[in-house]
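K.L.:
What follows is data-v4.pdb, PDB, C-alpha atoms, pLDDT in the B column.
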ATOM      1  CA  MET A   1      34.883  21.320 -98.942  1.00 88.00           C
ATOM      2  CA  ASN A   2      34.585  24.659 -97.091  1.00 96.00           C
ATOM      3  CA  LYS A   3      37.186  26.450 -95.029  1.00 97.00           C
ATOM      4  CA  LEU A   4      37.109  28.828 -92.086  1.00 98.00           C
ATOM      5  CA  SER A   5      40.237  30.770 -91.219  1.00 98.00           C
ATOM      6  CA  LEU A   6      40.565  32.600 -87.891  1.00 97.00           C
ATOM      7  CA  ARG A   7      43.324  34.525 -86.150  1.00 96.00           C
ATOM      8  CA  ILE A   8      43.065  35.234 -82.432  1.00 94.00           C
ATOM      9  CA  LYS A   9      45.167  37.347 -80.099  1.00 90.00           C
ATOM     10  CA  PRO A  10      46.899  35.580 -77.197  1.00 85.00           C
ATOM     11  CA  ASP A  11      44.186  36.270 -74.640  1.00 87.00           C
ATOM     12  CA  ILE A  12      41.645  34.035 -72.859  1.00 86.00           C
ATOM     13  CA  SER A  13      38.894  36.551 -73.746  1.00 90.00           C
ATOM     14  CA  GLU A  14      39.352  35.665 -77.442  1.00 92.00           C
ATOM     15  CA  ILE A  15      38.175  32.068 -76.972  1.00 93.00           C
ATOM     16  CA  LEU A  16      34.424  32.691 -76.699  1.00 93.00           C
ATOM     17  CA  PRO A  17      34.224  34.936 -79.813  1.00 95.00           C
ATOM     18  CA  MET A  18      36.291  32.284 -81.661  1.00 96.00           C
ATOM     19  CA  GLN A  19      33.800  29.584 -80.654  1.00 96.00           C
ATOM     20  CA  LYS A  20      30.851  31.743 -81.732  1.00 96.00           C
ATOM     21  CA  GLU A  21      32.458  32.114 -85.159  1.00 97.00           C
ATOM     22  CA  ILE A  22      32.961  28.333 -85.349  1.00 97.00           C
ATOM     23  CA  ASN A  23      29.360  27.718 -84.254  1.00 97.00           C
ATOM     24  CA  ARG A  24      28.079  29.814 -87.170  1.00 97.00           C
ATOM     25  CA  PHE A  25      30.319  27.876 -89.571  1.00 98.00           C
ATOM     26  CA  ALA A  26      29.179  24.558 -88.039  1.00 97.00           C
ATOM     27  CA  GLU A  27      25.553  25.477 -88.626  1.00 97.00           C
ATOM     28  CA  THR A  28      26.072  26.114 -92.347  1.00 97.00           C
ATOM     29  CA  GLU A  29      28.110  22.888 -92.576  1.00 97.00           C
ATOM     30  CA  GLY A  30      25.534  20.832 -90.663  1.00 96.00           C
ATOM     31  CA  TRP A  31      27.851  19.400 -87.981  1.00 97.00           C
ATOM     32  CA  SER A  32      26.117  17.407 -85.251  1.00 95.00           C
ATOM     33  CA  ALA A  33      25.885  18.942 -81.757  1.00 94.00           C
ATOM     34  CA  GLY A  34      28.365  16.332 -80.477  1.00 94.00           C
ATOM     35  CA  VAL A  35      30.992  17.064 -83.156  1.00 96.00           C
ATOM     36  CA  LEU A  36      30.649  20.810 -82.599  1.00 96.00           C
ATOM     37  CA  TYR A  37      31.002  20.454 -78.814  1.00 96.00           C
ATOM     38  CA  GLN A  38      34.141  18.345 -79.144  1.00 96.00           C
ATOM     39  CA  ILE A  39      35.729  20.740 -81.641  1.00 97.00           C
ATOM     40  CA  ASP A  40      34.859  23.810 -79.517  1.00 97.00           C
ATOM     41  CA  LEU A  41      36.277  22.106 -76.457  1.00 97.00           C
ATOM     42  CA  SER A  42      39.471  20.892 -78.187  1.00 97.00           C
ATOM     43  CA  LEU A  43      40.230  24.366 -79.526  1.00 97.00           C
ATOM     44  CA  ASP A  44      39.573  25.907 -76.093  1.00 96.00           C
ATOM     45  CA  GLU A  45      41.925  23.400 -74.410  1.00 94.00           C
ATOM     46  CA  LEU A  46      44.731  23.805 -76.963  1.00 94.00           C
ATOM     47  CA  ALA A  47      44.473  27.606 -77.195  1.00 92.00           C
ATOM     48  CA  THR A  48      44.455  27.859 -73.377  1.00 90.00           C
ATOM     49  CA  ASN A  49      47.556  25.651 -73.323  1.00 87.00           C
ATOM     50  CA  ILE A  50      49.352  27.805 -75.895  1.00 87.00           C
ATOM     51  CA  LEU A  51      48.497  30.931 -73.890  1.00 84.00           C
ATOM     52  CA  SER A  52      49.820  29.487 -70.638  1.00 79.00           C
ATOM     53  CA  TYR A  53      53.112  28.156 -72.002  1.00 71.00           C
ATOM     54  CA  GLY A  54      53.406  31.223 -74.261  1.00 61.00           C
ATOM     55  CA  GLN A  55      53.427  33.389 -71.139  1.00 59.00           C
ATOM     56  CA  THR A  56      56.259  31.447 -69.539  1.00 58.00           C
ATOM     57  CA  GLY A  57      58.232  30.504 -72.652  1.00 56.00           C
ATOM     58  CA  GLY A  58      58.231  33.720 -74.650  1.00 65.00           C
ATOM     59  CA  GLN A  59      55.970  35.810 -76.795  1.00 78.00           C
ATOM     60  CA  VAL A  60      53.083  34.382 -78.836  1.00 86.00           C
ATOM     61  CA  ASP A  61      51.850  37.075 -81.235  1.00 87.00           C
ATOM     62  CA  HIS A  62      48.722  35.283 -82.384  1.00 90.00           C
ATOM     63  CA  ILE A  63      47.170  31.858 -82.912  1.00 94.00           C
ATOM     64  CA  ASP A  64      45.999  30.886 -86.393  1.00 96.00           C
ATOM     65  CA  ILE A  65      43.216  28.371 -86.870  1.00 97.00           C
ATOM     66  CA  LEU A  66      42.235  26.812 -90.191  1.00 98.00           C
ATOM     67  CA  ILE A  67      39.172  24.566 -90.268  1.00 98.00           C
ATOM     68  CA  THR A  68      38.357  22.459 -93.321  1.00 98.00           C
ATOM     69  CA  SER A  69      34.919  20.870 -93.301  1.00 98.00           C
ATOM     70  CA  ALA A  70      34.295  17.888 -95.592  1.00 97.00           C
ATOM     71  CA  PRO A  71      31.149  15.724 -95.706  1.00 95.00           C
ATOM     72  CA  ASP A  72      32.779  12.910 -93.727  1.00 96.00           C
ATOM     73  CA  SER A  73      35.320  14.711 -91.545  1.00 97.00           C
ATOM     74  CA  VAL A  74      36.580  18.015 -90.152  1.00 98.00           C
ATOM     75  CA  ARG A  75      40.279  18.897 -90.221  1.00 98.00           C
ATOM     76  CA  ILE A  76      41.696  21.630 -87.988  1.00 98.00           C
ATOM     77  CA  GLU A  77      45.143  23.172 -88.027  1.00 98.00           C
ATOM     78  CA  ILE A  78      46.256  25.357 -85.128  1.00 97.00           C
ATOM     79  CA  SER A  79      49.544  27.232 -85.311  1.00 95.00           C
ATOM     80  CA  ASP A  80      51.454  29.667 -83.118  1.00 93.00           C
ATOM     81  CA  ASN A  81      54.859  31.309 -83.184  1.00 90.00           C
ATOM     82  CA  GLY A  82      55.770  30.546 -79.554  1.00 87.00           C
ATOM     83  CA  VAL A  83      58.717  28.466 -78.361  1.00 86.00           C
ATOM     84  CA  ALA A  84      58.790  24.860 -79.569  1.00 87.00           C
ATOM     85  CA  PHE A  85      56.288  22.907 -77.489  1.00 86.00           C
ATOM     86  CA  ASN A  86      54.728  19.564 -78.304  1.00 89.00           C
ATOM     87  CA  PRO A  87      51.772  19.140 -75.918  1.00 86.00           C
ATOM     88  CA  LEU A  88      51.345  15.522 -77.049  1.00 87.00           C
ATOM     89  CA  LYS A  89      54.824  14.615 -75.867  1.00 84.00           C
ATOM     90  CA  ASP A  90      55.482  17.098 -73.069  1.00 70.00           C
ATOM     91  CA  ALA A  91      52.148  16.945 -71.207  1.00 71.00           C
ATOM     92  CA  PRO A  92      52.027  14.593 -68.218  1.00 73.00           C
ATOM     93  CA  ILE A  93      49.520  11.726 -68.429  1.00 77.00           C
ATOM     94  CA  PRO A  94      46.908  12.231 -65.690  1.00 82.00           C
ATOM     95  CA  ASP A  95      46.090   9.404 -63.266  1.00 86.00           C
ATOM     96  CA  LEU A  96      42.390   9.006 -64.088  1.00 86.00           C
ATOM     97  CA  ASP A  97      41.725   6.470 -61.336  1.00 88.00           C
ATOM     98  CA  ALA A  98      43.136   8.401 -58.373  1.00 88.00           C
ATOM     99  CA  PRO A  99      40.616   9.077 -55.573  1.00 88.00           C
ATOM    100  CA  VAL A 100      39.473  12.625 -54.754  1.00 88.00           C
ATOM    101  CA  ALA A 101      41.980  13.230 -51.964  1.00 87.00           C
ATOM    102  CA  THR A 102      45.075  12.455 -54.076  1.00 88.00           C
ATOM    103  CA  ARG A 103      43.800  13.312 -57.528  1.00 85.00           C
ATOM    104  CA  ALA A 104      46.095  15.904 -59.128  1.00 82.00           C
ATOM    105  CA  ILE A 105      44.497  19.183 -60.171  1.00 77.00           C
ATOM    106  CA  GLY A 106      44.994  19.916 -63.870  1.00 74.00           C
ATOM    107  CA  GLY A 107      46.644  18.157 -66.801  1.00 79.00           C
ATOM    108  CA  LEU A 108      43.345  17.083 -68.363  1.00 90.00           C
ATOM    109  CA  GLY A 109      43.121  19.309 -71.430  1.00 92.00           C
ATOM    110  CA  VAL A 110      45.432  17.358 -73.730  1.00 92.00           C
ATOM    111  CA  HIS A 111      43.970  14.050 -72.542  1.00 93.00           C
ATOM    112  CA  ILE A 112      40.467  15.258 -73.512  1.00 95.00           C
ATOM    113  CA  VAL A 113      41.638  16.409 -76.962  1.00 96.00           C
ATOM    114  CA  ARG A 114      43.391  13.098 -77.639  1.00 94.00           C
ATOM    115  CA  THR A 115      40.290  11.145 -76.645  1.00 94.00           C
ATOM    116  CA  VAL A 116      37.593  13.106 -78.487  1.00 96.00           C
ATOM    117  CA  MET A 117      39.569  13.602 -81.717  1.00 97.00           C
ATOM    118  CA  ASP A 118      40.293  10.773 -84.164  1.00 97.00           C
ATOM    119  CA  GLU A 119      43.766  12.077 -85.023  1.00 97.00           C
ATOM    120  CA  VAL A 120      46.100  14.576 -83.354  1.00 97.00           C
ATOM    121  CA  HIS A 121      49.537  15.397 -84.815  1.00 97.00           C
ATOM    122  CA  TYR A 122      52.269  17.866 -83.950  1.00 96.00           C
ATOM    123  CA  ARG A 123      55.008  19.332 -86.116  1.00 96.00           C
ATOM    124  CA  ARG A 124      57.489  22.201 -85.793  1.00 95.00           C
ATOM    125  CA  GLU A 125      57.970  24.114 -89.039  1.00 96.00           C
ATOM    126  CA  ASP A 126      59.240  27.608 -89.984  1.00 94.00           C
ATOM    127  CA  GLY A 127      59.631  28.555 -86.321  1.00 91.00           C
ATOM    128  CA  LYS A 128      56.007  27.677 -85.564  1.00 93.00           C
ATOM    129  CA  ASN A 129      54.124  24.964 -83.678  1.00 94.00           C
ATOM    130  CA  PHE A 130      51.480  23.190 -85.765  1.00 96.00           C
ATOM    131  CA  LEU A 131      48.803  20.931 -84.303  1.00 96.00           C
ATOM    132  CA  THR A 132      46.558  19.084 -86.738  1.00 98.00           C
ATOM    133  CA  LEU A 133      43.307  17.519 -85.540  1.00 98.00           C
ATOM    134  CA  VAL A 134      40.935  15.290 -87.489  1.00 98.00           C
ATOM    135  CA  LYS A 135      37.383  14.547 -86.372  1.00 97.00           C
ATOM    136  CA  GLN A 136      35.249  12.010 -88.264  1.00 97.00           C
ATOM    137  CA  ARG A 137      31.680  13.265 -88.509  1.00 95.00           C
ATOM    138  CA  ASN A 138      30.096   9.825 -88.193  1.00 83.00           C
ATOM    139  CA  GLY A 139      30.622   7.860 -85.012  1.00 65.00           C
ATOM    140  CA  LYS A 140      32.410   8.903 -81.886  1.00 50.00           C
ATOM    141  CA  ALA A 141      36.167   8.796 -81.416  1.00 48.00           C
ATOM    142  CA  THR A 142      35.660   7.648 -77.839  1.00 46.00           C
ATOM    143  CA  GLU A 143      34.122   4.384 -79.026  1.00 43.00           C
ATOM    144  CA  LYS A 144      37.224   3.249 -80.905  1.00 38.00           C
TER     145      LYS A 144
ATOM    146  CA  MET B   1      29.021  33.687 -63.421  1.00 95.00           C
ATOM    147  CA  GLU B   2      25.333  33.586 -62.533  1.00 97.00           C
ATOM    148  CA  ILE B   3      24.496  30.928 -59.927  1.00 97.00           C
ATOM    149  CA  SER B   4      21.164  30.676 -58.135  1.00 97.00           C
ATOM    150  CA  ILE B   5      21.343  28.976 -54.759  1.00 97.00           C
ATOM    151  CA  GLU B   6      18.364  27.426 -52.991  1.00 96.00           C
ATOM    152  CA  GLU B   7      18.709  26.666 -49.271  1.00 94.00           C
ATOM    153  CA  ARG B   8      16.790  23.886 -47.520  1.00 92.00           C
ATOM    154  CA  ASP B   9      18.089  23.386 -43.961  1.00 89.00           C
ATOM    155  CA  GLU B  10      21.577  21.834 -44.335  1.00 91.00           C
ATOM    156  CA  LEU B  11      21.122  21.320 -48.082  1.00 95.00           C
ATOM    157  CA  ARG B  12      22.106  23.759 -50.826  1.00 96.00           C
ATOM    158  CA  ILE B  13      21.033  23.356 -54.449  1.00 97.00           C
ATOM    159  CA  ALA B  14      23.174  25.481 -56.759  1.00 98.00           C
ATOM    160  CA  LYS B  15      22.218  26.119 -60.367  1.00 98.00           C
ATOM    161  CA  PRO B  16      24.997  27.727 -62.432  1.00 98.00           C
ATOM    162  CA  VAL B  17      24.042  29.164 -65.820  1.00 98.00           C
ATOM    163  CA  GLY B  18      25.999  29.129 -69.088  1.00 96.00           C
ATOM    164  CA  ARG B  19      29.647  28.127 -69.387  1.00 96.00           C
ATOM    165  CA  LEU B  20      31.966  26.608 -66.792  1.00 97.00           C
ATOM    166  CA  ASP B  21      35.329  27.488 -68.374  1.00 94.00           C
ATOM    167  CA  SER B  22      38.586  29.419 -67.688  1.00 90.00           C
ATOM    168  CA  ASP B  23      36.637  32.665 -67.606  1.00 90.00           C
ATOM    169  CA  ALA B  24      34.071  31.454 -65.065  1.00 93.00           C
ATOM    170  CA  LEU B  25      36.135  29.370 -62.671  1.00 91.00           C
ATOM    171  CA  THR B  26      37.163  32.074 -60.167  1.00 94.00           C
ATOM    172  CA  SER B  27      33.580  33.273 -59.799  1.00 96.00           C
ATOM    173  CA  PHE B  28      32.242  29.684 -59.644  1.00 97.00           C
ATOM    174  CA  GLU B  29      34.656  28.629 -56.905  1.00 96.00           C
ATOM    175  CA  SER B  30      34.259  31.782 -54.823  1.00 96.00           C
ATOM    176  CA  GLN B  31      30.447  31.458 -54.814  1.00 97.00           C
ATOM    177  CA  LEU B  32      30.386  27.761 -53.921  1.00 97.00           C
ATOM    178  CA  THR B  33      33.437  27.099 -51.712  1.00 95.00           C
ATOM    179  CA  GLY B  34      31.672  28.332 -48.559  1.00 94.00           C
ATOM    180  CA  HIS B  35      28.922  25.746 -49.053  1.00 94.00           C
ATOM    181  CA  VAL B  36      31.290  22.742 -48.951  1.00 95.00           C
ATOM    182  CA  GLU B  37      33.173  23.991 -45.897  1.00 93.00           C
ATOM    183  CA  LEU B  38      30.275  23.515 -43.471  1.00 88.00           C
ATOM    184  CA  GLU B  39      30.623  20.251 -41.574  1.00 88.00           C
ATOM    185  CA  GLY B  40      27.631  17.967 -42.185  1.00 88.00           C
ATOM    186  CA  SER B  41      26.089  20.074 -44.941  1.00 93.00           C
ATOM    187  CA  ALA B  42      25.221  18.962 -48.480  1.00 96.00           C
ATOM    188  CA  LEU B  43      25.648  20.602 -51.885  1.00 97.00           C
ATOM    189  CA  VAL B  44      23.912  19.518 -55.088  1.00 98.00           C
ATOM    190  CA  ILE B  45      24.955  21.273 -58.297  1.00 98.00           C
ATOM    191  CA  ASP B  46      22.183  21.298 -60.889  1.00 98.00           C
ATOM    192  CA  PHE B  47      23.893  21.204 -64.315  1.00 98.00           C
ATOM    193  CA  SER B  48      20.687  21.619 -66.353  1.00 98.00           C
ATOM    194  CA  SER B  49      21.479  25.231 -67.326  1.00 98.00           C
ATOM    195  CA  LEU B  50      25.173  24.621 -68.085  1.00 97.00           C
ATOM    196  CA  ASP B  51      25.895  24.171 -71.770  1.00 94.00           C
ATOM    197  CA  TYR B  52      29.682  23.977 -71.702  1.00 96.00           C
ATOM    198  CA  VAL B  53      32.334  22.580 -69.349  1.00 97.00           C
ATOM    199  CA  SER B  54      36.068  22.649 -70.161  1.00 96.00           C
ATOM    200  CA  SER B  55      39.000  21.135 -68.250  1.00 94.00           C
ATOM    201  CA  ALA B  56      39.202  24.412 -66.296  1.00 93.00           C
ATOM    202  CA  GLY B  57      35.638  23.728 -65.128  1.00 95.00           C
ATOM    203  CA  LEU B  58      36.539  20.154 -64.163  1.00 95.00           C
ATOM    204  CA  ARG B  59      39.391  21.561 -62.103  1.00 93.00           C
ATOM    205  CA  SER B  60      36.873  23.664 -60.125  1.00 95.00           C
ATOM    206  CA  ILE B  61      34.677  20.615 -59.537  1.00 96.00           C
ATOM    207  CA  LEU B  62      37.712  18.726 -58.201  1.00 95.00           C
ATOM    208  CA  VAL B  63      38.640  21.628 -55.908  1.00 95.00           C
ATOM    209  CA  LEU B  64      35.092  21.588 -54.466  1.00 96.00           C
ATOM    210  CA  ALA B  65      35.090  17.769 -54.160  1.00 96.00           C
ATOM    211  CA  LYS B  66      38.361  17.845 -52.192  1.00 95.00           C
ATOM    212  CA  LYS B  67      37.050  20.530 -49.806  1.00 95.00           C
ATOM    213  CA  ALA B  68      33.742  18.670 -49.389  1.00 96.00           C
ATOM    214  CA  GLU B  69      35.581  15.466 -48.481  1.00 95.00           C
ATOM    215  CA  GLN B  70      37.798  17.261 -45.953  1.00 94.00           C
ATOM    216  CA  ASN B  71      34.715  18.774 -44.306  1.00 94.00           C
ATOM    217  CA  SER B  72      32.423  15.689 -44.467  1.00 94.00           C
ATOM    218  CA  CYS B  73      30.063  17.632 -46.714  1.00 95.00           C
ATOM    219  CA  LYS B  74      27.936  15.566 -49.124  1.00 96.00           C
ATOM    220  CA  PHE B  75      28.552  16.749 -52.664  1.00 97.00           C
ATOM    221  CA  CYS B  76      26.971  15.609 -55.910  1.00 97.00           C
ATOM    222  CA  LEU B  77      25.947  16.724 -59.394  1.00 98.00           C
ATOM    223  CA  ALA B  78      22.731  16.248 -61.369  1.00 98.00           C
ATOM    224  CA  GLU B  79      21.302  16.591 -64.883  1.00 98.00           C
ATOM    225  CA  LEU B  80      24.466  16.658 -67.009  1.00 98.00           C
ATOM    226  CA  SER B  81      23.935  16.976 -70.784  1.00 96.00           C
ATOM    227  CA  PRO B  82      25.177  13.999 -72.864  1.00 95.00           C
ATOM    228  CA  GLU B  83      28.128  16.085 -74.169  1.00 95.00           C
ATOM    229  CA  ILE B  84      29.205  17.118 -70.667  1.00 97.00           C
ATOM    230  CA  MET B  85      28.655  13.600 -69.269  1.00 97.00           C
ATOM    231  CA  GLU B  86      31.025  12.260 -71.932  1.00 95.00           C
ATOM    232  CA  ILE B  87      33.785  14.640 -70.772  1.00 96.00           C
ATOM    233  CA  PHE B  88      33.263  13.434 -67.176  1.00 96.00           C
ATOM    234  CA  GLN B  89      33.604   9.804 -68.320  1.00 95.00           C
ATOM    235  CA  ILE B  90      36.714  10.480 -70.440  1.00 94.00           C
ATOM    236  CA  THR B  91      38.468  12.075 -67.480  1.00 94.00           C
ATOM    237  CA  GLY B  92      37.300   9.617 -64.809  1.00 93.00           C
ATOM    238  CA  PHE B  93      35.396  12.405 -63.052  1.00 94.00           C
ATOM    239  CA  HIS B  94      32.238  10.261 -62.911  1.00 94.00           C
ATOM    240  CA  ASN B  95      34.144   8.249 -60.265  1.00 92.00           C
ATOM    241  CA  ILE B  96      35.182  11.335 -58.285  1.00 91.00           C
ATOM    242  CA  VAL B  97      31.765  12.902 -57.754  1.00 95.00           C
ATOM    243  CA  PRO B  98      28.379  11.109 -57.611  1.00 97.00           C
ATOM    244  CA  ILE B  99      26.260  12.058 -60.640  1.00 98.00           C
ATOM    245  CA  HIS B 100      22.465  11.743 -60.713  1.00 98.00           C
ATOM    246  CA  ASP B 101      19.989  11.852 -63.596  1.00 97.00           C
ATOM    247  CA  SER B 102      17.688  14.269 -61.795  1.00 98.00           C
ATOM    248  CA  VAL B 103      17.994  16.897 -59.073  1.00 97.00           C
ATOM    249  CA  GLN B 104      15.242  15.047 -57.171  1.00 97.00           C
ATOM    250  CA  ASP B 105      17.336  11.816 -57.125  1.00 97.00           C
ATOM    251  CA  ALA B 106      20.347  13.815 -55.934  1.00 97.00           C
ATOM    252  CA  ILE B 107      18.370  15.430 -53.119  1.00 96.00           C
ATOM    253  CA  GLU B 108      17.033  12.057 -51.938  1.00 95.00           C
ATOM    254  CA  THR B 109      20.548  10.606 -51.876  1.00 93.00           C
ATOM    255  CA  VAL B 110      22.090  13.365 -49.780  1.00 91.00           C
ATOM    256  CA  SER B 111      19.131  13.943 -47.457  1.00 86.00           C
TER     257      SER B 111
END
If you convert what's in this file into structure tokens, what do you get?

P.N.:
Amino acid sequence: MNKLSLRIKPDISEILPMQKEINRFAETEGWSAGVLYQIDLSLDELATNILSYGQTGGQVDHIDILITSAPDSVRIEISDNGVAFNPLKDAPIPDLDAPVATRAIGGLGVHIVRTVMDEVHYRREDGKNFLTLVKQRNGKATEK
Amino acid sequence: MEISIEERDELRIAKPVGRLDSDALTSFESQLTGHVELEGSALVIDFSSLDYVSSAGLRSILVLAKKAEQNSCKFCLAELSPEIMEIFQITGFHNIVPIHDSVQDAIETVS
């Protein structure tokens, strides 16, 4: 079981270098292209979320990411020291069937993460927000 | 963001390269908005050189789709990778914008 630990500054420009780091780790761990895409995307969506509510709700100094790769699954923990915010509870559920004219713009990030990951949990601990994601490496979460 | 745009009469075929994410969305929208504001025109976006689309990118696609509908412009996408197609299905975006397997199919549909 191998681990990758990353710390990024609260800035959108940090997301691409973070993903490049993860891509190198994924290659040595032999993740499939689909698993890697879904993990890259989930981290982008959640980090972008933290940055946008961090700006309105107080200072976020940095975001810590810990990835644990096992043969059958990948576990990811994302933490930040911003104000308490549970995106799983506080994010509005988008209307996925609305036609173009009335379809609301935005609100899709958390929905994507919930769908592509097998597990998503939130906890508040020691003044920090923790999100834990689990992705099974065999089979697709969207088929469950 | 690098986007090549081919013009054939009323039809535009746009081919963005790389990542359609938070970083790219302002550039993506500013380069393509003008093409969906012409009454009776058509825009096909060729996704074959895009390797990443996030929810920020989907937001840009929705913005273009709304403008296209308001202006009676035909708008569709072609050649999405399996990973990107899955994100469109998860979010219901495959029902918002017509998606074609090939650019040629897309061109025939809008012509």

K.L.:
Would you kindly report the residues of chain A within 12 Å of chain B, using all atoms listed in the file, as a PyMOL selection string?

P.N.:
chain A and resi 11-16+19+32-49+51-52+93-116+140-143

K.L.:
Padding 3 Å on every side, please: axis-aligned box over the listed atoms of region 25-34 of chain B, centre and edge lengths to one decimal in Å, as JSON.

P.N.:
{"center_x": 33.8, "center_y": 30.2, "center_z": -55.6, "size_x": 12.8, "size_y": 12.2, "size_z": 20.1}

K.L.:
Evaluate the PyMOL selection byres ((chain B and resi 99) around 6) and record the selected residues as an NGL selection string, following the chain and residue labels used in the document.

P.N.:
:B and (76-78 or 98 or 100)

K.L.:
If you count all atoms listed in the file, which residues fall within 9 Å of Thr68 (chain A), apart from same-chain ones fewer than 2 positions away, as a list in words?

P.N.:
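Residues near the query, excluding close chain neighbours: Met1, Asn2, Lys3, Leu4, Ser5, Leu66, Ala70, Ser73, Val74, Arg75, Ile76 and Glu77 of chain A.
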
K.L.:
When you draw a straight line from CA of Asp105 (chain B) to CA of Thr26 (chain B), how long is it in Å?

P.N.:
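Straight-line distance from CA of Asp105 (chain B) to CA of Thr26 (chain B) works out to 28.5 Å.
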
K.L.:
For CA of Asn86 (chain A) and CA of Arg7 (chain A), quote the distance in Å rounded to one decimal.

P.N.:
20.4 Å

K.L.:
One decimal, in Å: what's the spacing between CA of Glu37 (chain B) and CA of Ser81 (chain B)?

P.N.:
27.5 Å

K.L.:
Please provide the set of residues having any atom within 12 Å of Gly34 (chain B), restricted to all atoms listed in the file, with same-chain residues fewer than 3 positions apart removed, written as a list in words.

P.N.:
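So the residues in contact are Arg12, Phe28, Glu29, Ser30, Gln31, Glu37, Leu38, Glu39, Ser41, Ala42, Leu43, Leu64, Lys67, Ala68, Asn71 and Cys73 of chain B.
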
K.L.:
Apply the PyMOL selection byres ((chain B and resi 18) around 9) to the file shown and report the selected residues as a ChimeraX atom specification.

P.N.:
/B:1-2,16-17,19-20,49-52
